[in-house]
$ cat target.pdb   # PDB, C-alpha atoms, pLDDT in the B column
MODEL        1
ATOM      1  CA  MET A 342      98.027  89.156 100.852  1.00 68.00           C
ATOM      2  CA  PRO A 343     100.809  90.782 102.782  1.00 87.00           C
ATOM      3  CA  ILE A 344     101.415  92.099 106.223  1.00 94.00           C
ATOM      4  CA  ASN A 345     102.752  95.403 104.975  1.00 94.00           C
ATOM      5  CA  ASN A 346     103.348  98.785 106.571  1.00 94.00           C
ATOM      6  CA  ILE A 347      99.658  99.750 106.274  1.00 92.00           C
ATOM      7  CA  THR A 348      98.141  96.543 107.673  1.00 93.00           C
ATOM      8  CA  TYR A 349     100.795  96.436 110.407  1.00 96.00           C
ATOM      9  CA  LYS A 350      99.963  99.977 111.530  1.00 95.00           C
ATOM     10  CA  LEU A 351      96.200  99.366 111.372  1.00 93.00           C
ATOM     11  CA  ILE A 352      96.285  96.265 113.571  1.00 95.00           C
ATOM     12  CA  ARG A 353      98.911  97.754 115.912  1.00 96.00           C
ATOM     13  CA  ASP A 354      96.855 100.950 116.383  1.00 94.00           C
ATOM     14  CA  MET A 355      93.696  98.948 117.093  1.00 94.00           C
ATOM     15  CA  LYS A 356      95.594  96.857 119.650  1.00 95.00           C
ATOM     16  CA  THR A 357      96.971 100.006 121.303  1.00 96.00           C
ATOM     17  CA  ALA A 358      93.471 101.558 121.403  1.00 94.00           C
ATOM     18  CA  GLY A 359      92.021  98.421 123.046  1.00 94.00           C
ATOM     19  CA  ILE A 360      89.506  97.908 120.223  1.00 92.00           C
ATOM     20  CA  LEU A 361      90.344  94.280 119.427  1.00 94.00           C
ATOM     21  CA  PRO A 362      88.695  91.390 121.252  1.00 95.00           C
ATOM     22  CA  GLY A 363      90.802  89.365 123.670  1.00 93.00           C
ATOM     23  CA  ARG A 364      91.857  85.818 122.760  1.00 96.00           C
ATOM     24  CA  PRO A 365      89.854  85.745 119.503  1.00 98.00           C
ATOM     25  CA  TYR A 366      89.223  82.958 117.078  1.00 98.00           C
ATOM     26  CA  VAL A 367      90.726  84.276 113.827  1.00 98.00           C
ATOM     27  CA  LEU A 368      90.014  83.272 110.229  1.00 98.00           C
ATOM     28  CA  GLU A 369      92.112  84.683 107.432  1.00 97.00           C
ATOM     29  CA  LEU A 370      90.995  84.516 103.798  1.00 97.00           C
ATOM     30  CA  GLY A 371      94.197  84.164 101.868  1.00 94.00           C
ATOM     31  CA  GLU A 372      97.047  83.421 104.219  1.00 94.00           C
ATOM     32  CA  SER A 373      99.144  86.567 104.628  1.00 93.00           C
ATOM     33  CA  ASN A 374     102.879  86.661 104.331  1.00 93.00           C
ATOM     34  CA  TRP A 375     105.419  89.236 105.465  1.00 95.00           C
ATOM     35  CA  TYR A 376     105.766  91.843 102.708  1.00 93.00           C
ATOM     36  CA  GLY A 377     109.168  93.104 103.740  1.00 89.00           C
ATOM     37  CA  ASP A 378     108.584  96.864 103.822  1.00 94.00           C
ATOM     38  CA  LEU A 379     109.100  96.760 107.595  1.00 93.00           C
ATOM     39  CA  PRO A 380     112.247  95.406 109.194  1.00 95.00           C
ATOM     40  CA  ILE A 381     111.919  92.289 111.324  1.00 97.00           C
ATOM     41  CA  GLU A 382     113.521  94.336 114.122  1.00 97.00           C
ATOM     42  CA  LYS A 383     110.297  96.422 114.307  1.00 97.00           C
ATOM     43  CA  LEU A 384     108.344  93.256 115.029  1.00 98.00           C
ATOM     44  CA  GLU A 385     110.929  92.223 117.639  1.00 98.00           C
ATOM     45  CA  ARG A 386     110.624  95.593 119.402  1.00 98.00           C
ATOM     46  CA  ASP A 387     106.840  95.219 119.430  1.00 98.00           C
ATOM     47  CA  ILE A 388     107.151  91.717 120.863  1.00 98.00           C
ATOM     48  CA  ASP A 389     109.010  93.288 123.787  1.00 97.00           C
ATOM     49  CA  GLU A 390     106.383  96.022 124.142  1.00 97.00           C
ATOM     50  CA  PHE A 391     103.162  94.034 123.745  1.00 97.00           C
ATOM     51  CA  VAL A 392     103.856  90.491 124.978  1.00 97.00           C
ATOM     52  CA  ASP A 393     103.776  90.295 128.766  1.00 95.00           C
ATOM     53  CA  HIS A 394     104.589  86.628 129.291  1.00 96.00           C
ATOM     54  CA  GLN A 395     108.384  86.203 129.245  1.00 97.00           C
ATOM     55  CA  GLU A 396     108.424  82.653 127.859  1.00 98.00           C
ATOM     56  CA  THR A 397     106.061  83.613 125.036  1.00 97.00           C
ATOM     57  CA  ARG A 398     108.174  86.696 124.307  1.00 98.00           C
ATOM     58  CA  GLU A 399     111.325  84.576 124.076  1.00 98.00           C
ATOM     59  CA  THR A 400     109.604  82.029 121.819  1.00 98.00           C
ATOM     60  CA  LEU A 401     108.365  84.746 119.443  1.00 98.00           C
ATOM     61  CA  ARG A 402     111.761  86.475 119.332  1.00 98.00           C
ATOM     62  CA  ALA A 403     113.420  83.114 118.611  1.00 98.00           C
ATOM     63  CA  GLY A 404     110.901  82.652 115.792  1.00 98.00           C
ATOM     64  CA  CYS A 405     111.926  86.017 114.316  1.00 98.00           C
ATOM     65  CA  GLN A 406     115.595  85.051 114.505  1.00 98.00           C
ATOM     66  CA  SER A 407     114.861  81.724 112.833  1.00 98.00           C
ATOM     67  CA  CYS A 408     112.953  83.484 110.046  1.00 98.00           C
ATOM     68  CA  ARG A 409     115.769  85.955 109.532  1.00 97.00           C
ATOM     69  CA  ALA A 410     118.212  83.037 109.174  1.00 97.00           C
ATOM     70  CA  MET A 411     115.904  81.208 106.737  1.00 97.00           C
ATOM     71  CA  LEU A 412     115.618  84.316 104.558  1.00 97.00           C
ATOM     72  CA  SER A 413     119.388  84.809 104.486  1.00 96.00           C
ATOM     73  CA  GLU A 414     120.045  81.287 103.150  1.00 97.00           C
ATOM     74  CA  THR A 415     120.836  80.668  99.499  1.00 97.00           C
ATOM     75  CA  PRO A 416     118.278  80.197  98.144  1.00 97.00           C
ATOM     76  CA  PRO A 417     116.044  81.920 100.734  1.00 96.00           C
ATOM     77  CA  GLN A 418     113.456  79.745 102.466  1.00 95.00           C
ATOM     78  CA  TYR A 419     110.365  81.821 101.748  1.00 93.00           C
ATOM     79  CA  GLU A 420     108.109  79.868 104.101  1.00 92.00           C
ATOM     80  CA  ALA A 421     109.639  82.185 106.708  1.00 96.00           C
ATOM     81  CA  LEU A 422     107.433  84.953 105.280  1.00 94.00           C
ATOM     82  CA  TRP A 423     104.300  83.063 106.361  1.00 93.00           C
ATOM     83  CA  GLU A 424     105.834  82.350 109.754  1.00 95.00           C
ATOM     84  CA  LEU A 425     106.564  86.061 110.299  1.00 97.00           C
ATOM     85  CA  SER A 426     102.922  86.906 109.636  1.00 96.00           C
ATOM     86  CA  HIS A 427     101.868  84.257 112.176  1.00 95.00           C
ATOM     87  CA  ILE A 428     104.226  85.837 114.716  1.00 98.00           C
ATOM     88  CA  PHE A 429     102.694  89.249 113.918  1.00 98.00           C
ATOM     89  CA  TYR A 430      99.182  87.918 114.531  1.00 97.00           C
ATOM     90  CA  ARG A 431     100.290  86.225 117.752  1.00 97.00           C
ATOM     91  CA  VAL A 432     101.714  89.530 119.039  1.00 98.00           C
ATOM     92  CA  PHE A 433      98.828  91.811 118.125  1.00 98.00           C
ATOM     93  CA  LEU A 434      95.785  89.527 118.097  1.00 97.00           C
ATOM     94  CA  ASP A 435      96.937  87.113 120.830  1.00 96.00           C
ATOM     95  CA  TYR A 436      94.551  84.645 119.272  1.00 96.00           C
ATOM     96  CA  GLU A 437      93.047  81.593 120.903  1.00 97.00           C
ATOM     97  CA  ASP A 438      92.946  79.873 117.528  1.00 96.00           C
ATOM     98  CA  TYR A 439      93.918  80.813 113.971  1.00 96.00           C
ATOM     99  CA  HIS A 440      92.892  79.309 110.645  1.00 96.00           C
ATOM    100  CA  ALA A 441      93.507  80.382 107.057  1.00 96.00           C
ATOM    101  CA  ILE A 442      91.744  79.483 103.831  1.00 97.00           C
ATOM    102  CA  ASP A 443      94.099  79.595 100.868  1.00 95.00           C
ATOM    103  CA  LEU A 444      94.429  77.382  97.810  1.00 92.00           C
ATOM    104  CA  GLY A 445      98.121  78.368  97.851  1.00 87.00           C
ATOM    105  CA  GLY A 446      99.687  79.582 101.087  1.00 80.00           C
ATOM    106  CA  SER A 447     101.448  77.342 103.543  1.00 81.00           C
ATOM    107  CA  GLY A 448     100.678  73.712 104.206  1.00 84.00           C
ATOM    108  CA  ASN A 449      98.654  74.799 107.244  1.00 87.00           C
ATOM    109  CA  ALA A 450      96.010  76.619 105.189  1.00 92.00           C
ATOM    110  CA  MET A 451      92.656  74.974 104.490  1.00 96.00           C
ATOM    111  CA  LYS A 452      92.453  74.354 100.735  1.00 96.00           C
ATOM    112  CA  LEU A 453      88.901  75.575 100.086  1.00 97.00           C
ATOM    113  CA  ASP A 454      87.551  77.377  97.019  1.00 97.00           C
ATOM    114  CA  LEU A 455      85.897  80.626  98.122  1.00 97.00           C
ATOM    115  CA  ASN A 456      83.924  80.759  94.858  1.00 98.00           C
ATOM    116  CA  HIS A 457      81.656  78.143  96.425  1.00 98.00           C
ATOM    117  CA  GLU A 458      79.707  77.830  99.644  1.00 97.00           C
ATOM    118  CA  ILE A 459      81.825  76.478 102.462  1.00 96.00           C
ATOM    119  CA  LYS A 460      80.790  75.160 105.842  1.00 93.00           C
ATOM    120  CA  LEU A 461      83.043  75.584 108.851  1.00 96.00           C
ATOM    121  CA  ASP A 462      82.462  74.159 112.315  1.00 94.00           C
ATOM    122  CA  ARG A 463      82.533  77.559 114.037  1.00 96.00           C
ATOM    123  CA  GLN A 464      82.160  81.289 113.671  1.00 98.00           C
ATOM    124  CA  TYR A 465      85.112  83.605 114.230  1.00 98.00           C
ATOM    125  CA  ASP A 466      85.672  86.748 116.285  1.00 98.00           C
ATOM    126  CA  ILE A 467      87.922  88.212 113.585  1.00 98.00           C
ATOM    127  CA  VAL A 468      87.811  87.522 109.842  1.00 98.00           C
ATOM    128  CA  ILE A 469      90.630  89.034 107.762  1.00 97.00           C
ATOM    129  CA  ASP A 470      90.849  89.595 104.008  1.00 96.00           C
ATOM    130  CA  PHE A 471      93.972  91.586 103.199  1.00 93.00           C
ATOM    131  CA  GLY A 472      93.825  90.886  99.478  1.00 91.00           C
ATOM    132  CA  THR A 473      91.846  87.816  98.476  1.00 94.00           C
ATOM    133  CA  ALA A 474      88.369  88.950  97.364  1.00 94.00           C
ATOM    134  CA  GLU A 475      89.715  90.550  94.186  1.00 93.00           C
ATOM    135  CA  HIS A 476      91.009  87.116  93.115  1.00 92.00           C
ATOM    136  CA  VAL A 477      87.683  85.331  93.649  1.00 96.00           C
ATOM    137  CA  PHE A 478      85.345  85.448  90.672  1.00 96.00           C
ATOM    138  CA  ASN A 479      82.167  84.834  92.702  1.00 97.00           C
ATOM    139  CA  VAL A 480      82.499  87.821  95.040  1.00 96.00           C
ATOM    140  CA  TYR A 481      78.864  87.529  96.128  1.00 97.00           C
ATOM    141  CA  GLN A 482      79.616  84.107  97.590  1.00 98.00           C
ATOM    142  CA  LEU A 483      82.840  85.331  99.208  1.00 97.00           C
ATOM    143  CA  PHE A 484      81.119  88.197 101.048  1.00 97.00           C
ATOM    144  CA  LYS A 485      78.223  85.891 101.996  1.00 97.00           C
ATOM    145  CA  THR A 486      80.777  83.460 103.453  1.00 98.00           C
ATOM    146  CA  VAL A 487      82.492  86.275 105.378  1.00 98.00           C
ATOM    147  CA  HIS A 488      79.122  87.282 106.837  1.00 97.00           C
ATOM    148  CA  GLU A 489      78.238  83.710 107.798  1.00 97.00           C
ATOM    149  CA  VAL A 490      81.568  82.815 109.433  1.00 98.00           C
ATOM    150  CA  THR A 491      81.835  86.020 111.508  1.00 98.00           C
ATOM    151  CA  LYS A 492      80.317  85.911 114.990  1.00 97.00           C
ATOM    152  CA  PRO A 493      77.697  88.569 115.686  1.00 96.00           C
ATOM    153  CA  GLY A 494      79.656  91.532 117.017  1.00 94.00           C
ATOM    154  CA  GLY A 495      82.864  90.213 115.450  1.00 96.00           C
ATOM    155  CA  PHE A 496      85.407  92.131 113.375  1.00 95.00           C
ATOM    156  CA  ILE A 497      85.837  91.938 109.622  1.00 96.00           C
ATOM    157  CA  PHE A 498      88.988  93.426 108.096  1.00 94.00           C
ATOM    158  CA  HIS A 499      89.054  94.087 104.360  1.00 92.00           C
ATOM    159  CA  GLY A 500      92.167  95.456 102.700  1.00 89.00           C
ATOM    160  CA  LEU A 501      91.335  95.276  99.006  1.00 88.00           C
ATOM    161  CA  PRO A 502      92.434  97.243  95.939  1.00 83.00           C
ATOM    162  CA  PHE A 503      90.215 100.046  94.743  1.00 80.00           C
ATOM    163  CA  HIS A 504      92.439 102.082  92.442  1.00 74.00           C
ATOM    164  CA  GLY A 505      95.406 101.688  90.158  1.00 71.00           C
ATOM    165  CA  TRP A 506      95.968  97.937  90.326  1.00 70.00           C
ATOM    166  CA  VAL A 507      95.672  97.246  86.619  1.00 77.00           C
ATOM    167  CA  ASP A 508      95.577  93.521  85.865  1.00 78.00           C
ATOM    168  CA  HIS A 509      95.592  92.528  89.529  1.00 82.00           C
ATOM    169  CA  GLY A 510      92.791  90.075  90.159  1.00 84.00           C
ATOM    170  CA  PHE A 511      89.275  90.423  88.772  1.00 87.00           C
ATOM    171  CA  PHE A 512      87.871  93.362  90.754  1.00 88.00           C
ATOM    172  CA  ASN A 513      88.524  96.663  92.489  1.00 85.00           C
ATOM    173  CA  PHE A 514      86.316  97.638  95.444  1.00 90.00           C
ATOM    174  CA  GLN A 515      85.283 101.236  96.050  1.00 90.00           C
ATOM    175  CA  PRO A 516      84.829 102.612  99.595  1.00 89.00           C
ATOM    176  CA  THR A 517      81.117 103.083  98.857  1.00 92.00           C
ATOM    177  CA  PHE A 518      80.813  99.319  98.405  1.00 93.00           C
ATOM    178  CA  PHE A 519      81.940  98.752 102.001  1.00 92.00           C
ATOM    179  CA  LEU A 520      79.746 101.553 103.360  1.00 93.00           C
ATOM    180  CA  ASP A 521      76.689 100.101 101.615  1.00 95.00           C
ATOM    181  CA  LEU A 522      77.637  96.533 102.599  1.00 95.00           C
ATOM    182  CA  ALA A 523      77.833  97.677 106.228  1.00 95.00           C
ATOM    183  CA  ALA A 524      74.510  99.507 106.040  1.00 96.00           C
ATOM    184  CA  ALA A 525      72.738  96.544 104.423  1.00 96.00           C
ATOM    185  CA  ASN A 526      73.976  94.167 107.138  1.00 95.00           C
ATOM    186  CA  ASP A 527      73.797  96.452 110.199  1.00 94.00           C
ATOM    187  CA  TYR A 528      77.588  96.394 110.585  1.00 95.00           C
ATOM    188  CA  GLN A 529      79.339  99.145 112.502  1.00 92.00           C
ATOM    189  CA  ILE A 530      82.342 100.629 110.732  1.00 91.00           C
ATOM    190  CA  LYS A 531      85.166 101.051 113.237  1.00 85.00           C
ATOM    191  CA  ILE A 532      87.863 102.286 110.867  1.00 80.00           C
ATOM    192  CA  LEU A 533      87.710 103.302 107.220  1.00 74.00           C
ATOM    193  CA  VAL A 534      91.139 103.977 105.753  1.00 72.00           C
TER     194      VAL A 534
ENDMDL
END

$ encode --input "target.pdb" --output "structure tokens"
Amino acid sequence: MPINNITYKLIRDMKTAGILPGRPYVLELGESNWYGDLPIEKLERDIDEFVDHQETRETLRAGCQSCRAMLSETPPQYEALWELSHIFYRVFLDYEDYHAIDLGGSGNAMKLDLNHEIKLDRQYDIVIDFGTAEHVFNVYQLFKTVHEVTKPGGFIFHGLPFHGWVDHGFFNFQPTFFLDLAAANDYQIKILV
């Protein structure tokens, strides 16, 4: 569940195009970490470009510097990888509130089993799954949960394997699955990569 070059570019391009909702409530299924195929300096440059408020910009840049220091320690403090993804989401989603569901992940993640029905106290403007559904055996329940926790008109991001990931999780998901899922639920597809 990484923030990698592909997910970074996708979210950044949507931000640049003005497609994303302002100040959203965000739910992430499987708390993402920083994959490392992009230098932290790229994120720092984007902080300067996209964050208008000077104090917020300074706080986020200081967070990047802290993460860089944590990763250079011996042994590296890998919790910095989760913090970098939170900084990424702060820059590009400028969220009002963020939650993650992850049985692993950081200590901030809600420890809920997505194989079973879950009840949350709100719906979200953006729901993100950059690599969790393939690890959940009861995928019907997972996609039902995604539908139920997303506000009408909200955004759902799926970044799931569909080819070549032998022995990674339980499932691969073909593009047709998402097209048919969208059609069956009257979703609009904004981007299909």

$ resolve_selection --input "target.pdb" --expression "the PyMOL selection byres ((chain A and resi 481-494) around 9)" --output "compact mmCIF listing (two decimals) with C-alpha atoms, in the frame of the given file"
# COMPACT_ATOMS: atom_id res chain seq x y z
CA LEU A 368 90.01 83.27 110.23
CA LEU A 370 91.00 84.52 103.80
CA LEU A 455 85.90 80.63 98.12
CA ASN A 456 83.92 80.76 94.86
CA HIS A 457 81.66 78.14 96.42
CA GLU A 458 79.71 77.83 99.64
CA ILE A 459 81.82 76.48 102.46
CA LYS A 460 80.79 75.16 105.84
CA LEU A 461 83.04 75.58 108.85
CA ARG A 463 82.53 77.56 114.04
CA GLN A 464 82.16 81.29 113.67
CA TYR A 465 85.11 83.60 114.23
CA ASP A 466 85.67 86.75 116.28
CA ILE A 467 87.92 88.21 113.58
CA VAL A 468 87.81 87.52 109.84
CA ILE A 469 90.63 89.03 107.76
CA ALA A 474 88.37 88.95 97.36
CA VAL A 477 87.68 85.33 93.65
CA PHE A 478 85.34 85.45 90.67
CA ASN A 479 82.17 84.83 92.70
CA VAL A 480 82.50 87.82 95.04
CA GLY A 495 82.86 90.21 115.45
CA PHE A 496 85.41 92.13 113.38
CA ILE A 497 85.84 91.94 109.62
CA ASN A 526 73.98 94.17 107.14
CA TYR A 528 77.59 96.39 110.58
CA GLN A 529 79.34 99.14 112.50

$ closest_residue --input "target.pdb" --among "A:Phe498, A:Tyr436, A:Tyr366, A:Tyr376" --to "Leu351 (chain A)" --atoms "all atoms listed in the file"
A:Phe498

$ atom_distance --input "target.pdb" --atom1 "CA of Ala450 (chain A)" --atom2 "CA of Asp470 (chain A)"
14.0 Å

$ atom_distance --input "target.pdb" --atom1 "CA of Phe471 (chain A)" --atom2 "CA of Glu382 (chain A)"
22.6 Å

$ residues_around --input "target.pdb" --residues "Ile442 (chain A)" --least-positions-apart "4" --cutoff "10 Å" --atoms "only C-alpha atoms" --output "VMD selection string"
chain A and resid 368 to 372 446 to 447 449 to 455 473

$ closest_residue --input "target.pdb" --among "A:Lys531, A:Asn374, A:Glu420, A:Arg431" --to "Arg398 (chain A)" --atoms "only C-alpha atoms"
A:Arg431

$ resolve_selection --input "target.pdb" --expression "the PyMOL selection byres ((chain A and resi 380) around 12)" --output "list of chain:residue names"
A:Ile344, A:Asn345, A:Asn346, A:Tyr349, A:Trp375, A:Tyr376, A:Gly377, A:Asp378, A:Leu379, A:Ile381, A:Glu382, A:Lys383, A:Leu384, A:Glu385, A:Arg386, A:Asp387, A:Cys405, A:Cys408, A:Arg409, A:Leu425

$ atom_distance --input "target.pdb" --atom1 "CA of Ile530 (chain A)" --atom2 "CA of Ser373 (chain A)"
22.7 Å

$ closest_residue --input "target.pdb" --among "A:Ile352, A:Phe433, A:Ser413, A:Pro343" --to "Ile388 (chain A)" --atoms "all atoms listed in the file"
A:Phe433

$ resolve_selection --input "target.pdb" --expression "the PyMOL selection byres ((chain A and resi 510-513) around 9)" --output "ChimeraX atom specification"
/A:473-478,480,501-509,514-515

$ closest_residue --input "target.pdb" --among "A:His499, A:Trp423, A:Ile428, A:Ser407" --to "Gly445 (chain A)" --atoms "all atoms listed in the file"
A:Trp423

$ decode --input "target.pdb" --residues "region 496-519 of chain A" --atoms "N, CA, C and O atoms" --output "short mmCIF file (atom, residue, chain, number, x, y, z; two decimals), in the first residue's frame"
data_model
loop_
_atom_site.label_atom_id
_atom_site.label_comp_id
_atom_site.auth_asym_id
_atom_site.auth_seq_id
_atom_site.Cartn_x
_atom_site.Cartn_y
_atom_site.Cartn_z
N PHE A 496 -15.34 10.42 -4.09
CA PHE A 496 -14.32 9.77 -4.92
C PHE A 496 -13.88 8.48 -4.28
O PHE A 496 -13.64 8.43 -3.07
N ILE A 497 -13.72 7.46 -5.12
CA ILE A 497 -13.15 6.19 -4.71
C ILE A 497 -11.92 5.95 -5.58
O ILE A 497 -12.01 5.97 -6.80
N PHE A 498 -10.78 5.74 -4.93
CA PHE A 498 -9.54 5.42 -5.65
C PHE A 498 -9.21 3.96 -5.39
O PHE A 498 -9.09 3.56 -4.24
N HIS A 499 -9.06 3.19 -6.46
CA HIS A 499 -8.58 1.81 -6.34
C HIS A 499 -7.29 1.70 -7.13
O HIS A 499 -7.24 2.07 -8.31
N GLY A 500 -6.26 1.21 -6.52
CA GLY A 500 -5.00 0.90 -7.18
C GLY A 500 -4.64 -0.52 -6.81
O GLY A 500 -3.92 -0.74 -5.84
N LEU A 501 -5.17 -1.47 -7.56
CA LEU A 501 -5.05 -2.89 -7.20
C LEU A 501 -4.37 -3.68 -8.31
O LEU A 501 -4.46 -3.32 -9.48
N PRO A 502 -3.71 -4.78 -7.96
CA PRO A 502 -3.02 -5.56 -8.99
C PRO A 502 -4.00 -6.25 -9.92
O PRO A 502 -5.06 -6.70 -9.50
N PHE A 503 -3.63 -6.30 -11.21
CA PHE A 503 -4.44 -7.05 -12.14
C PHE A 503 -3.62 -7.98 -13.03
O PHE A 503 -4.16 -8.77 -13.77
N HIS A 504 -2.28 -7.90 -12.92
CA HIS A 504 -1.48 -8.74 -13.80
C HIS A 504 -0.07 -8.90 -13.22
O HIS A 504 0.53 -7.93 -12.78
N GLY A 505 0.40 -10.13 -13.22
CA GLY A 505 1.80 -10.38 -12.94
C GLY A 505 2.22 -10.39 -11.48
O GLY A 505 3.40 -10.50 -11.21
N TRP A 506 1.31 -10.27 -10.56
CA TRP A 506 1.69 -10.28 -9.14
C TRP A 506 1.44 -11.67 -8.58
O TRP A 506 0.54 -11.88 -7.78
N VAL A 507 2.23 -12.62 -9.01
CA VAL A 507 2.08 -14.00 -8.56
C VAL A 507 2.34 -14.07 -7.06
O VAL A 507 3.31 -13.51 -6.55
N ASP A 508 1.43 -14.73 -6.36
CA ASP A 508 1.53 -14.94 -4.92
C ASP A 508 1.47 -13.64 -4.11
O ASP A 508 2.02 -13.56 -3.02
N HIS A 509 0.82 -12.64 -4.65
CA HIS A 509 0.61 -11.40 -3.89
C HIS A 509 -0.87 -11.30 -3.57
O HIS A 509 -1.68 -11.00 -4.43
N GLY A 510 -1.23 -11.55 -2.34
CA GLY A 510 -2.63 -11.49 -1.94
C GLY A 510 -3.42 -12.65 -2.50
O GLY A 510 -2.88 -13.65 -2.96
N PHE A 511 -4.76 -12.49 -2.45
CA PHE A 511 -5.66 -13.55 -2.90
C PHE A 511 -6.17 -13.34 -4.32
O PHE A 511 -6.57 -14.28 -4.98
N PHE A 512 -6.24 -12.08 -4.77
CA PHE A 512 -6.95 -11.76 -6.01
C PHE A 512 -6.18 -10.77 -6.88
O PHE A 512 -5.38 -9.99 -6.39
N ASN A 513 -6.49 -10.82 -8.17
CA ASN A 513 -6.15 -9.77 -9.13
C ASN A 513 -7.48 -9.22 -9.65
O ASN A 513 -8.46 -9.96 -9.75
N PHE A 514 -7.51 -7.94 -9.99
CA PHE A 514 -8.74 -7.29 -10.43
C PHE A 514 -8.55 -6.73 -11.83
O PHE A 514 -7.68 -5.88 -12.04
N GLN A 515 -9.36 -7.19 -12.76
CA GLN A 515 -9.28 -6.74 -14.14
C GLN A 515 -9.99 -5.39 -14.31
O GLN A 515 -10.94 -5.09 -13.59
N PRO A 516 -9.56 -4.58 -15.29
CA PRO A 516 -10.24 -3.30 -15.53
C PRO A 516 -11.74 -3.45 -15.75
O PRO A 516 -12.53 -2.61 -15.31
N THR A 517 -12.16 -4.54 -16.40
CA THR A 517 -13.58 -4.76 -16.64
C THR A 517 -14.36 -4.84 -15.32
O THR A 517 -15.51 -4.39 -15.25
N PHE A 518 -13.74 -5.39 -14.29
CA PHE A 518 -14.40 -5.45 -12.99
C PHE A 518 -14.80 -4.06 -12.53
O PHE A 518 -15.93 -3.82 -12.09
N PHE A 519 -13.88 -3.09 -12.65
CA PHE A 519 -14.17 -1.73 -12.19
C PHE A 519 -15.18 -1.03 -13.08
O PHE A 519 -16.02 -0.27 -12.60
#
